[in-house]
$ cat final-v8.cif   # mmCIF, C-alpha atoms and all ligand atoms
data_input
loop_
_atom_site.label_atom_id
_atom_site.label_comp_id
_atom_site.auth_asym_id
_atom_site.auth_seq_id
_atom_site.Cartn_x
_atom_site.Cartn_y
_atom_site.Cartn_z
CA MET A 25 143.00 66.81 174.95
CA ALA A 26 143.57 70.16 173.36
CA PHE A 27 147.06 69.09 172.49
CA ILE A 28 145.89 65.90 170.78
CA LEU A 29 143.35 67.76 168.69
CA PHE A 30 145.97 70.21 167.66
CA PHE A 31 148.35 67.41 166.74
CA VAL A 32 145.75 65.56 164.64
CA GLY A 33 144.97 68.82 162.90
CA MET A 34 148.58 69.30 162.06
CA ILE A 35 148.98 65.76 160.70
CA ALA A 36 145.96 66.32 158.50
CA TYR A 37 147.42 69.59 157.28
CA LEU A 38 150.74 67.89 156.54
CA ALA A 39 148.95 65.15 154.61
CA TYR A 40 147.06 67.77 152.65
CA PHE A 41 150.29 69.47 151.80
CA THR A 42 152.12 66.38 150.66
CA SER A 43 149.28 65.17 148.49
CA PHE A 44 148.01 68.39 146.95
CA GLU A 45 150.34 71.30 147.39
CA ARG A 46 153.44 69.48 146.16
CA LYS A 47 151.86 68.88 142.80
CA LYS A 48 151.08 72.52 142.50
CA ILE A 49 154.61 73.43 143.35
CA SER A 50 156.65 71.03 141.23
CA VAL A 51 155.75 72.71 138.00
CA HIS A 52 157.89 73.95 135.20
CA PRO A 53 159.56 77.33 135.86
CA SER A 54 157.72 78.94 132.98
CA ASN A 55 154.36 77.94 134.41
CA ARG A 56 152.41 81.01 135.42
CA ARG A 57 151.05 79.30 138.51
CA LEU A 58 154.48 79.66 140.08
CA ASP A 59 154.14 83.41 140.00
CA HIS A 60 151.21 83.46 142.38
CA LEU A 61 153.23 81.33 144.81
CA GLU A 62 155.58 84.25 145.17
CA SER A 63 153.06 85.97 147.40
CA GLU A 64 152.91 82.90 149.66
CA ILE A 65 156.56 81.90 149.69
CA VAL A 66 159.61 83.95 150.59
CA ARG A 67 162.04 83.56 147.70
CA GLY A 68 165.24 81.77 148.75
CA THR A 69 168.61 83.44 149.12
CA ILE A 70 171.29 83.09 146.43
CA TYR A 71 174.92 82.58 147.48
CA ASP A 72 178.27 82.32 145.73
CA THR A 73 180.31 79.15 146.30
CA ASN A 74 181.81 80.55 149.52
CA GLY A 75 178.59 81.75 151.11
CA VAL A 76 178.63 85.38 149.95
CA VAL A 77 175.01 86.61 149.63
CA LEU A 78 174.26 87.62 146.03
CA ALA A 79 170.47 88.02 146.25
CA ILE A 80 168.13 88.07 149.25
CA THR A 81 164.50 88.87 150.03
CA GLU A 82 163.90 91.20 152.98
CA ASN A 83 160.58 92.87 153.80
CA ASP A 84 159.06 91.63 150.53
CA GLN A 85 161.87 93.29 148.55
CA ARG A 86 164.37 91.38 146.40
CA LYS A 87 167.78 92.90 147.08
CA TYR A 88 171.09 92.57 145.28
CA PRO A 89 173.88 93.59 147.68
CA PHE A 90 176.45 94.04 144.87
CA GLY A 91 174.26 96.15 142.61
CA SER A 92 175.36 95.92 138.99
CA LEU A 93 178.08 93.28 139.56
CA TYR A 94 175.76 90.32 139.06
CA ALA A 95 173.15 91.88 136.77
CA HIS A 96 173.81 89.35 133.98
CA SER A 97 174.76 86.23 135.98
CA VAL A 98 172.45 86.20 139.01
CA GLY A 99 170.07 88.33 136.97
CA TYR A 100 166.89 89.74 138.49
CA ALA A 101 163.43 88.72 139.66
CA ASN A 102 161.73 92.09 139.93
CA GLN A 103 161.01 92.88 136.28
CA GLY A 104 160.24 89.49 134.86
CA LYS A 105 163.05 87.06 135.59
CA ASN A 106 166.47 86.68 134.09
CA GLY A 107 169.81 84.97 134.72
CA ALA A 108 170.10 82.46 137.57
CA GLU A 109 166.95 83.96 139.12
CA ALA A 110 165.03 82.53 136.15
CA LEU A 111 167.09 79.35 135.82
CA VAL A 112 166.57 78.20 139.41
CA ASN A 113 163.19 79.84 139.99
CA THR A 114 161.58 76.52 140.93
CA GLU A 115 164.15 75.85 143.65
CA LEU A 116 163.95 79.38 145.07
CA LEU A 117 160.17 79.02 145.39
CA TYR A 118 160.20 75.43 146.63
CA PRO A 119 158.72 75.58 150.13
CA ASP A 120 160.99 74.39 152.90
CA TYR A 121 158.58 72.06 154.70
CA THR A 122 159.28 71.38 158.35
CA LEU A 123 156.82 70.69 161.15
CA LYS A 124 157.58 74.15 162.44
CA SER A 125 156.99 75.91 159.12
CA ILE A 126 153.77 73.99 158.49
CA PHE A 127 152.55 74.86 161.97
CA GLU A 128 153.40 78.53 161.57
CA ASN A 129 151.80 78.64 158.17
CA ALA A 130 148.63 76.93 159.39
CA PHE A 131 148.08 78.94 162.52
CA PHE A 132 149.83 82.25 162.02
CA GLU A 133 149.76 82.52 158.23
CA GLU A 134 153.49 82.83 158.19
CA PRO A 135 154.76 82.37 154.62
CA PHE A 136 156.87 79.36 153.77
CA MET A 137 160.53 79.95 153.01
CA GLY A 138 161.86 78.86 149.61
CA ARG A 139 165.06 76.89 149.26
CA ASP A 140 168.38 78.69 149.24
CA VAL A 141 170.60 78.28 146.20
CA VAL A 142 174.39 78.11 145.98
CA LEU A 143 175.88 79.07 142.63
CA THR A 144 179.26 78.01 141.20
CA ILE A 145 180.33 81.69 141.17
CA GLU A 146 183.58 82.72 142.91
CA HIS A 147 182.88 86.22 144.14
CA THR A 148 186.53 87.37 144.07
CA LEU A 149 186.91 86.30 140.42
CA GLN A 150 183.67 88.05 139.49
CA GLN A 151 184.98 91.20 141.17
CA SER A 152 188.23 90.94 139.23
CA ALA A 153 186.28 90.82 135.97
CA GLU A 154 184.44 93.99 136.96
CA GLU A 155 187.68 95.70 137.93
CA GLY A 156 189.35 94.68 134.65
CA LEU A 157 186.46 95.91 132.50
CA LYS A 158 185.96 99.18 134.38
CA ASN A 159 185.06 101.93 131.88
CA LYS A 160 185.32 99.45 129.02
CA LYS A 161 182.67 97.67 127.01
CA GLY A 162 183.17 93.95 126.89
CA ALA A 163 182.76 90.58 128.52
CA VAL A 164 184.59 88.10 130.72
CA VAL A 165 183.71 84.47 131.40
CA ILE A 166 185.78 82.12 133.56
CA LEU A 167 185.13 78.37 133.77
CA GLU A 168 186.65 75.58 135.81
CA ALA A 169 187.90 73.35 132.99
CA SER A 170 187.57 70.02 134.81
CA THR A 171 183.91 70.54 135.82
CA GLY A 172 182.42 73.31 133.67
CA LYS A 173 181.59 75.39 136.76
CA ILE A 174 181.10 79.04 135.84
CA PHE A 175 183.33 80.95 138.26
CA ALA A 176 182.65 84.38 136.77
CA MET A 177 180.39 85.84 134.09
CA TYR A 178 180.49 89.59 133.70
CA SER A 179 179.25 91.89 130.96
CA ASN A 180 179.73 95.65 130.74
CA PRO A 181 177.89 98.08 130.35
CA THR A 182 175.70 96.77 133.10
CA PHE A 183 172.80 98.03 135.23
CA ASN A 184 171.65 97.99 138.83
CA PRO A 185 168.90 95.37 139.36
CA ASN A 186 167.90 97.05 142.65
CA ASN A 187 166.13 99.87 140.84
CA LEU A 188 165.28 98.06 137.65
CA SER A 189 161.60 98.90 137.38
CA SER A 190 162.16 102.64 137.65
CA ASN A 191 164.96 102.54 135.03
CA TRP A 192 163.42 99.94 132.75
CA GLU A 193 162.09 102.27 130.05
CA TYR A 194 165.46 103.94 129.80
CA LEU A 195 167.45 100.68 129.79
CA ILE A 196 165.47 99.01 127.01
CA LYS A 197 165.91 102.06 124.77
CA ASP A 198 169.68 102.33 125.22
CA ASP A 199 170.83 100.90 121.86
CA VAL A 200 174.27 102.46 122.17
CA ASN A 201 175.28 100.56 125.31
CA SER A 202 172.74 97.71 125.32
CA PRO A 203 173.19 97.25 129.09
CA LEU A 204 170.52 94.53 129.35
CA VAL A 205 172.41 92.25 126.93
CA ASN A 206 174.65 89.61 128.48
CA ARG A 207 177.62 89.94 126.12
CA VAL A 208 179.12 86.65 127.35
CA THR A 209 176.25 84.63 125.93
CA GLN A 210 174.36 86.93 123.57
CA GLY A 211 177.29 88.93 122.18
CA LEU A 212 178.53 87.76 118.77
CA TYR A 213 181.89 89.15 117.69
CA PRO A 214 184.36 88.56 114.86
CA PRO A 215 187.06 86.32 116.40
CA GLY A 216 190.11 87.76 114.67
CA SER A 217 193.28 85.83 115.42
CA ILE A 218 191.86 83.72 118.25
CA PHE A 219 190.29 81.75 115.39
CA LYS A 220 193.79 80.55 114.40
CA ILE A 221 193.25 77.86 117.05
CA LEU A 222 191.00 76.09 114.52
CA PRO A 223 193.27 75.81 111.47
CA SER A 224 196.03 74.85 113.94
CA ILE A 225 193.96 71.92 115.21
CA ALA A 226 193.12 71.00 111.61
CA TYR A 227 196.82 71.02 110.80
CA LEU A 228 197.70 68.84 113.80
CA GLN A 229 194.99 66.35 112.85
CA ASN A 230 196.50 65.93 109.39
CA GLU A 231 199.58 63.79 109.41
CA PHE A 232 201.85 65.78 107.13
CA LYS A 233 204.94 63.95 105.88
CA GLU A 234 206.95 67.14 106.12
CA PRO A 235 206.09 69.91 108.59
CA PHE A 236 204.71 72.86 106.65
CA THR A 237 206.85 75.97 106.89
CA HIS A 238 206.39 79.31 105.18
CA VAL A 239 208.60 82.34 104.71
CA CYS A 240 206.61 85.39 105.83
CA GLU A 241 207.47 88.58 104.03
CA GLY A 242 204.83 90.62 105.82
CA SER A 243 202.18 90.10 103.17
CA ILE A 244 200.87 87.40 100.88
CA THR A 245 199.06 87.69 97.55
CA LYS A 246 196.55 85.10 96.46
CA GLY A 247 194.81 85.81 93.18
CA GLU A 248 193.75 89.44 93.39
CA HIS A 249 193.89 89.60 97.19
CA THR A 250 196.81 90.76 99.31
CA ILE A 251 196.70 90.05 103.04
CA ARG A 252 199.20 91.52 105.49
CA CYS A 253 200.59 90.61 108.84
CA PHE A 254 199.90 93.03 111.71
CA ASN A 255 201.79 96.29 110.98
CA GLY A 256 203.23 94.59 107.89
CA THR A 257 205.80 92.79 110.04
CA ALA A 258 207.82 90.15 108.14
CA HIS A 259 208.07 87.12 110.43
CA GLY A 260 210.63 85.24 108.27
CA GLU A 261 210.53 81.45 108.10
CA VAL A 262 207.85 80.11 110.45
CA ASP A 263 206.47 76.69 111.25
CA LEU A 264 203.04 76.20 112.83
CA LYS A 265 204.21 76.82 116.39
CA ALA A 266 206.11 80.01 115.56
CA ALA A 267 203.29 81.27 113.32
CA PHE A 268 200.80 80.67 116.13
CA GLU A 269 202.95 82.39 118.75
CA LYS A 270 203.55 85.41 116.53
CA SER A 271 200.05 85.34 115.06
CA CYS A 272 201.49 85.37 111.52
CA ASN A 273 198.62 85.95 109.08
CA THR A 274 200.47 84.94 105.94
CA TYR A 275 201.28 81.49 107.32
CA PHE A 276 197.63 80.75 107.99
CA ILE A 277 196.62 82.08 104.56
CA ALA A 278 199.28 79.87 102.96
CA LEU A 279 197.88 76.93 104.92
CA GLU A 280 194.75 77.11 102.79
CA GLU A 281 196.53 75.04 100.13
CA TYR A 282 196.89 72.20 102.63
CA ILE A 283 193.70 72.42 104.64
CA SER A 284 190.64 72.75 102.44
CA PRO A 285 187.84 75.17 103.30
CA GLN A 286 185.57 72.14 103.58
CA SER A 287 187.74 70.40 106.17
CA LEU A 288 188.11 73.63 108.18
CA GLN A 289 184.33 74.05 108.09
CA ASN A 290 183.84 70.43 109.22
CA LEU A 291 186.22 70.85 112.13
CA ALA A 292 184.56 74.13 113.17
CA GLU A 293 181.14 72.47 113.20
CA LYS A 294 182.50 69.58 115.24
CA LEU A 295 183.72 72.26 117.67
CA LEU A 296 180.19 73.71 117.96
CA PHE A 297 180.14 76.49 115.36
CA ASN A 298 176.57 76.86 113.99
CA LYS A 299 175.43 74.66 116.88
CA THR A 300 173.48 75.12 120.09
CA LEU A 301 176.06 75.04 122.89
CA PRO A 302 175.65 72.30 125.50
CA THR A 303 175.07 74.48 128.56
CA GLU A 304 172.15 75.38 130.83
CA ILE A 305 172.84 79.05 130.05
CA GLU A 306 171.15 79.98 126.80
CA THR A 307 173.81 81.19 124.36
CA SER A 308 173.67 82.55 120.80
CA LYS A 309 175.07 80.23 118.14
CA SER A 310 178.47 81.12 116.78
CA ARG A 311 178.28 81.58 113.02
CA LEU A 312 180.67 80.35 110.41
CA SER A 313 180.39 79.68 106.72
CA ILE A 314 183.55 79.19 104.74
CA LYS A 315 182.40 76.90 101.97
CA GLY A 316 180.56 78.79 99.26
CA GLU A 317 181.90 82.22 100.24
CA ASP A 318 183.76 84.40 97.75
CA SER A 319 187.50 83.84 97.53
CA PHE A 320 188.38 86.77 99.81
CA ASN A 321 186.07 85.65 102.60
CA VAL A 322 187.36 82.09 102.31
CA LEU A 323 190.94 83.28 102.77
CA ALA A 324 190.05 85.76 105.50
CA SER A 325 188.32 82.96 107.42
CA TYR A 326 191.68 81.26 108.03
CA MET A 327 192.75 84.21 110.15
CA GLY A 328 189.39 84.82 111.81
CA GLN A 329 188.05 87.65 109.69
CA GLY A 330 185.58 86.76 106.92
CA LYS A 331 182.02 86.41 108.13
CA THR A 332 182.68 84.35 111.25
CA LEU A 333 181.08 85.46 114.54
CA VAL A 334 181.59 83.91 117.97
CA SER A 335 180.28 84.29 121.52
CA PRO A 336 182.73 84.69 124.43
CA MET A 337 181.09 81.67 126.13
CA HIS A 338 181.87 79.49 123.10
CA MET A 339 185.51 80.60 123.05
CA ALA A 340 185.91 79.88 126.78
CA MET A 341 184.46 76.40 126.13
CA LEU A 342 186.98 75.87 123.33
CA SER A 343 189.85 76.82 125.66
CA SER A 344 188.39 74.60 128.34
CA LEU A 345 188.27 71.52 126.16
CA ILE A 346 191.87 72.13 125.05
CA ILE A 347 193.23 72.35 128.61
CA ASN A 348 190.92 69.51 129.73
CA ASP A 349 192.65 67.12 127.25
CA GLY A 350 189.86 67.16 124.70
CA VAL A 351 186.90 66.55 127.00
CA LEU A 352 184.23 69.24 127.08
CA MET A 353 182.40 69.85 130.34
CA GLU A 354 179.02 71.60 130.12
CA PRO A 355 179.23 75.07 131.67
CA TYR A 356 176.80 75.44 134.56
CA ILE A 357 176.03 78.00 137.24
CA PHE A 358 173.58 76.21 139.57
CA ASP A 359 175.56 74.15 142.09
CA TYR A 360 172.95 73.06 144.65
CA SER A 361 169.89 74.08 146.63
CA MET A 362 169.45 73.59 150.34
CA SER A 363 166.91 73.83 153.12
CA LYS A 364 167.08 76.63 155.67
CA LYS A 365 168.84 74.16 157.98
CA GLY A 366 171.54 73.62 155.35
CA SER A 367 170.78 70.13 154.05
CA ILE A 368 171.25 69.71 150.31
CA ARG A 369 168.01 69.30 148.33
CA LEU A 370 169.06 69.27 144.70
CA LYS A 371 172.62 69.01 143.44
CA ASN A 372 173.83 69.70 139.92
CA LEU A 373 176.65 67.38 138.87
CA PRO A 374 179.27 68.11 136.22
CA SER A 375 178.37 66.52 132.91
CA TYR A 376 180.78 65.79 130.13
CA HIS A 377 180.57 65.18 126.44
CA SER A 378 182.60 62.46 124.84
CA ALA A 379 186.04 63.65 123.79
CA TYR A 380 185.91 66.29 121.07
CA LEU A 381 189.64 66.07 120.34
CA GLN A 382 192.37 63.50 120.89
CA GLU A 383 194.69 64.11 123.79
CA GLU A 384 197.78 64.15 121.55
CA ILE A 385 196.26 67.08 119.64
CA THR A 386 195.24 69.03 122.76
CA THR A 387 198.66 68.47 124.36
CA GLN A 388 200.30 70.15 121.37
CA MET A 389 197.74 72.95 121.40
CA GLN A 390 198.41 73.53 125.12
CA GLN A 391 202.13 73.88 124.37
CA MET A 392 201.48 76.29 121.51
CA MET A 393 199.16 78.41 123.65
CA ILE A 394 201.70 78.50 126.49
CA GLY A 395 204.27 79.55 123.87
CA VAL A 396 202.13 82.60 123.04
CA VAL A 397 202.60 83.82 126.63
CA GLU A 398 206.21 82.63 126.99
CA LYS A 399 207.57 84.20 123.83
CA GLY A 400 204.76 85.30 121.54
CA THR A 401 202.16 88.07 121.42
CA ALA A 402 201.13 87.79 125.12
CA THR A 403 204.44 88.02 127.01
CA ALA A 404 202.98 91.04 128.84
CA ILE A 405 201.01 88.68 131.13
CA LYS A 406 203.73 86.10 131.76
CA ARG A 407 204.32 85.27 135.44
CA SER A 408 206.33 82.76 137.44
CA ASP A 409 203.70 81.29 139.78
CA ILE A 410 200.91 80.57 137.28
CA ILE A 411 201.19 78.84 133.91
CA ILE A 412 199.15 80.77 131.35
CA GLY A 413 198.35 79.77 127.80
CA GLY A 414 196.16 81.45 125.24
CA LYS A 415 195.71 83.30 121.99
CA THR A 416 195.46 87.00 121.37
CA GLY A 417 193.14 88.44 118.79
CA THR A 418 192.52 91.81 117.24
CA ALA A 419 189.25 91.65 115.41
CA GLN A 420 188.48 94.17 112.73
CA ASN A 421 184.94 95.34 112.45
CA GLU A 422 183.53 97.62 109.84
CA THR A 423 181.96 100.25 112.02
CA SER A 424 184.50 101.15 114.67
CA GLU A 425 187.90 100.42 116.19
CA ASP A 426 189.14 96.85 116.45
CA HIS A 427 188.04 94.57 119.28
CA SER A 428 190.68 93.08 121.56
CA TRP A 429 190.48 89.38 122.55
CA PHE A 430 192.36 87.00 124.76
CA VAL A 431 191.19 83.42 125.28
CA GLY A 432 193.04 80.73 127.17
CA PHE A 433 193.69 78.93 130.41
CA ALA A 434 195.72 79.25 133.62
CA TYR A 435 196.83 76.96 136.44
CA PRO A 436 199.41 76.81 139.22
CA GLU A 437 202.49 74.83 138.16
CA ASN A 438 201.94 71.04 138.35
CA ARG A 439 198.24 71.56 139.19
CA LYS A 440 196.70 71.41 135.75
CA GLU A 441 193.61 69.70 137.17
CA GLU A 442 192.73 73.03 138.83
CA ALA A 443 192.88 74.99 135.58
CA ILE A 444 190.51 77.76 134.69
CA ALA A 445 189.59 78.48 131.08
CA PHE A 446 188.43 81.93 130.09
CA ALA A 447 187.52 84.36 127.34
CA VAL A 448 188.01 88.12 127.51
CA ILE A 449 186.84 90.64 124.94
CA VAL A 450 187.19 94.42 125.09
CA GLU A 451 185.10 96.17 122.46
CA ASN A 452 187.09 98.74 120.48
CA GLY A 453 190.05 97.86 122.70
CA GLY A 454 192.39 96.91 119.88
CA LYS A 455 194.95 99.55 120.64
CA GLY A 456 197.36 98.40 123.32
CA ALA A 457 195.81 94.94 123.40
CA GLN A 458 193.48 95.83 126.26
CA ALA A 459 192.21 92.26 126.69
CA LEU A 460 195.65 91.35 128.07
CA ASN A 461 195.32 94.00 130.80
CA VAL A 462 191.94 92.61 131.78
CA THR A 463 193.39 89.08 131.79
CA ARG A 464 196.21 90.18 134.07
CA THR A 465 193.70 91.49 136.63
CA ILE A 466 191.79 88.21 136.53
CA ILE A 467 194.91 86.06 136.89
CA ASP A 468 196.04 88.19 139.87
CA ALA A 469 192.76 87.36 141.62
CA TYR A 470 192.96 83.70 140.58
CA ALA A 471 196.53 83.42 141.95
CA LYS A 472 195.28 84.70 145.31
CA THR A 473 192.65 81.94 145.48
CA LYS A 474 195.40 79.36 144.86
CA LYS A 475 197.79 80.42 147.61
ZN ZN A 501 203.78 87.02 109.28
#
$ encode --input "final-v8.cif" --output "structure tokens" --more "lines below"
Ligand SMILES: [Zn+2]
Amino acid sequence: MAFILFFVGMIAYLAYFTSFERKKISVHPSNRRLDHLESEIVRGTIYDTNGVVLAITENDQRKYPFGSLYAHSVGYANQGKNGAEALVNTELLYPDYTLKSIFENAFFEEPFMGRDVVLTIEHTLQQSAEEGLKNKKGAVVILEASTGKIFAMYSNPTFNPNNLSSNWEYLIKDDVNSPLVNRVTQGLYPPGSIFKILPSIAYLQNEFKEPFTHVCEGSITKGEHTIRCFNGTAHGEVDLKAAFEKSCNTYFIALEEYISPQSLQNLAEKLLFNKTLPTEIETSKSRLSIKGEDSFNVLASYMGQGKTLVSPMHMAMLSSLIINDGVLMEPYIFDYSMSKKGSIRLKNLPSYHSAYLQEEITTQMQQMMIGVVEKGTATAIKRSDIIIGGKTGTAQNETSEDHSWFVGFAYPENRKEEAIAFAVIVENGGKGAQALNVTRTIIDAYAKTKK
């Protein structure tokens, strides 16, 4: 008899939960009512794609086993919420209802466990980004081109989320290093020569009767402005491919007679400049205005100077749509949530946007970007087991030393469908093209995952 009473009680409790509590729980992440649930529910664990624990709650404490490594991607939940902790808050606090957990909650006031969350992150690639950017300011983002999965997102300087509340006052005041800023998504930088990807696409979309070639003498004068190639190097007669591989400034300036500022602006906006990026990770808009600028800024825009500013996330997306034959996949970091027993509760699926570029254009761009590594400005990272394509950039900025960029893609030979797309920036790393060193470290780690 006692057993039956107990059982009826439990059914009633279960019914109460399904009809009332669920409503309370399935609320928007920003809803304040979720916060009070935190005292009743143990926040779920966050894993990388291979089961490495990235965040866990033990003894009422949120812990981040890798300290500063995931400060900007996993984020934190102990000083407000940020990063994936904010993005998937609802899942992490979604009670894992089982007969056992309901029983324990009802009779022993045991808290419910939230769902566990698996991110798209590949821990070894994230570590390689940290290693590459050691003692450097900058950002690395690595995407899987065919899905948009974010494999790595690292920003330096960083901070340790384990002792965030005690360091908070200090961190928010640090304007020199801005450690709380995720440079991948919130950093806006002049693109320098990586921008040459855009006039190149514009060129390829125009069907010129004769290929446009230009004899580079190391500098070009237009009106009252003289623009030089890097170190004043004269590149001789160059066509688009050679100019792209060698990053010849004068060629791209000369191209202005064939590709109008208006058409370059139109293409850039089609490729998400001045637009909100389609991704679940909030990202600053890249800025570009060519039309209506003074003549110097118009010209400078063709080689990525001028007033253009881009986020690393945007540049990785641009590389990704080039290697993915013109189709852009939305970058995402939340893969799925699961119950404590391991059954999947909510799964994020890759979502694509209709083709941004025709395949015949992206195929040519892929070849040009591979040419940069084969025989252009990035031969330092060439290797036999992995095909790498990309574009180097040295971006002048008015206040300090040049920034160093490399954006591109990589894949094992004949396995293009497994390609990663990435963007690397090293602030003030212009000398010695430091972004290439960081890229090399990342590709080493990537090659190991492909063996
Ligand atoms: Zn040149």
$ closest_residue --input "final-v8.cif" --among "A:Val334, A:Ile277, A:Ile405, A:Leu345" --to "ligand ZN 501 (chain A)" --atoms "all atoms listed in the file"
A:Ile277
$ closest_residue --input "final-v8.cif" --among "A:Lys105, A:Lys371, A:Lys197, A:His238" --to "ligand ZN 501 (chain A)" --atoms "all atoms listed in the file"
A:His238
$ axis_aligned_box --input "final-v8.cif" --around "region 199-213 of chain A" --padding-each-side "6 Å" --output "JSON"
{"center_x": 176.2, "center_y": 93.5, "center_z": 123.5, "size_x": 23.4, "size_y": 29.8, "size_z": 23.7}
$ residues_near_ligand --input "final-v8.cif" --ligand "ligand ZN 501 (chain A)" --cutoff "6 Å" --atoms "only C-alpha atoms and all ligand atoms" --output "list in words"
Cys240, Gly242, Cys253, Ala258, His259, Cys272, Asn273 and Thr274 of chain A
$ atom_distance --input "final-v8.cif" --atom1 "CA of Ile412 (chain A)" --atom2 "CA of Ser152 (chain A)"
16.9 Å
$ closest_residue --input "final-v8.cif" --among "A:Gly75, A:Gly91, A:Pro223, A:Gly172" --to "Glu442 (chain A)" --atoms "all atoms listed in the file"
A:Gly172
$ residues_around --input "final-v8.cif" --residues "region 451-466 of chain A" --least-positions-apart "3" --cutoff "7 Å" --atoms "only C-alpha atoms" --output "mmCIF file with C-alpha atoms, in the coordinates of the input"
data_model
loop_
_atom_site.group_PDB
_atom_site.id
_atom_site.type_symbol
_atom_site.label_atom_id
_atom_site.label_comp_id
_atom_site.auth_asym_id
_atom_site.auth_seq_id
_atom_site.Cartn_x
_atom_site.Cartn_y
_atom_site.Cartn_z
ATOM 1 C CA LEU A 149 186.910 86.300 140.420
ATOM 2 C CA SER A 152 188.230 90.940 139.230
ATOM 3 C CA ALA A 153 186.280 90.820 135.970
ATOM 4 C CA GLY A 156 189.350 94.680 134.650
ATOM 5 C CA LEU A 157 186.460 95.910 132.500
ATOM 6 C CA LYS A 161 182.670 97.670 127.010
ATOM 7 C CA GLY A 162 183.170 93.950 126.890
ATOM 8 C CA ILE A 405 201.010 88.680 131.130
ATOM 9 C CA THR A 418 192.520 91.810 117.240
ATOM 10 C CA SER A 424 184.500 101.150 114.670
ATOM 11 C CA GLU A 425 187.900 100.420 116.190
ATOM 12 C CA ASP A 426 189.140 96.850 116.450
ATOM 13 C CA HIS A 427 188.040 94.570 119.280
ATOM 14 C CA SER A 428 190.680 93.080 121.560
ATOM 15 C CA TRP A 429 190.480 89.380 122.550
ATOM 16 C CA PHE A 430 192.360 87.000 124.760
ATOM 17 C CA VAL A 448 188.010 88.120 127.510
ATOM 18 C CA ALA A 469 192.760 87.360 141.620
ATOM 19 C CA TYR A 470 192.960 83.700 140.580
#
$ closest_residue --input "final-v8.cif" --among "A:Gly432, A:Gly417, A:Pro374, A:Gly400" --to "Thr171 (chain A)" --atoms "all atoms listed in the file"
A:Pro374
$ atom_distance --input "final-v8.cif" --atom1 "CA of Thr307 (chain A)" --atom2 "CA of Phe276 (chain A)"
28.9 Å
$ closest_residue --input "final-v8.cif" --among "A:Val208, A:Ile410, A:Leu352, A:Val396" --to "Gln382 (chain A)" --atoms "all atoms listed in the file"
A:Leu352
$ residues_around --input "final-v8.cif" --residues "Glu293 (chain A)" --least-positions-apart "5" --cutoff "12 Å" --atoms "all atoms listed in the file" --output "ChimeraX atom specification"
/A:222,286-288,298-301,309-314,380
$ atom_distance --input "final-v8.cif" --atom1 "CA of Gln420 (chain A)" --atom2 "CA of Pro336 (chain A)"
16.1 Å
$ closest_residue --input "final-v8.cif" --among "A:Ala266, A:Ile80, A:Ile347, A:Ile449" --to "Arg139 (chain A)" --atoms "only C-alpha atoms"
A:Ile80
$ residues_near_point --input "final-v8.cif" --point "(179.4, 90.5, 139.7)" --cutoff "10 Å" --atoms "only C-alpha atoms" --output "MDAnalysis selection string"
chainID A and resid 78 90:99 145:155 176:179 182
$ residues_around --input "final-v8.cif" --residues "Tyr356 (chain A)" --least-positions-apart "4" --cutoff "12 Å" --atoms "only C-alpha atoms" --output "PyMOL selection string"
chain A and resi 97+107-108+111-112+142-145+165-169+171-177+301-306+337+341+360+371-376
$ build_atoms --input "final-v8.cif" --residues "region 363-372 of chain A" --atoms "N, CA and C atoms" --output "tab-separated table (two decimals), in the coordinates of the input"
chain	number	residue	atom	x	y	z
A	363	SER	N	167.95	73.39	152.20
A	363	SER	CA	166.91	73.83	153.12
A	363	SER	C	167.49	74.92	154.01
A	364	LYS	N	166.61	75.57	154.78
A	364	LYS	CA	167.08	76.63	155.67
A	364	LYS	C	168.05	76.08	156.73
A	365	LYS	N	167.93	74.75	157.00
A	365	LYS	CA	168.84	74.16	157.98
A	365	LYS	C	170.16	73.75	157.33
A	366	GLY	N	170.26	73.87	156.02
A	366	GLY	CA	171.54	73.62	155.35
A	366	GLY	C	171.68	72.25	154.73
A	367	SER	N	170.61	71.43	154.72
A	367	SER	CA	170.78	70.13	154.05
A	367	SER	C	170.51	70.27	152.55
A	368	ILE	N	171.31	69.56	151.76
A	368	ILE	CA	171.25	69.71	150.31
A	368	ILE	C	169.98	69.07	149.76
A	369	ARG	N	169.26	69.78	148.91
A	369	ARG	CA	168.01	69.30	148.33
A	369	ARG	C	168.18	68.85	146.89
A	370	LEU	N	168.86	69.63	146.10
A	370	LEU	CA	169.06	69.27	144.70
A	370	LEU	C	170.46	69.69	144.31
A	371	LYS	N	171.22	68.74	143.74
A	371	LYS	CA	172.62	69.01	143.44
A	371	LYS	C	172.85	68.82	141.94
A	372	ASN	N	173.48	69.79	141.33
A	372	ASN	CA	173.83	69.70	139.92
A	372	ASN	C	175.20	69.05	139.82
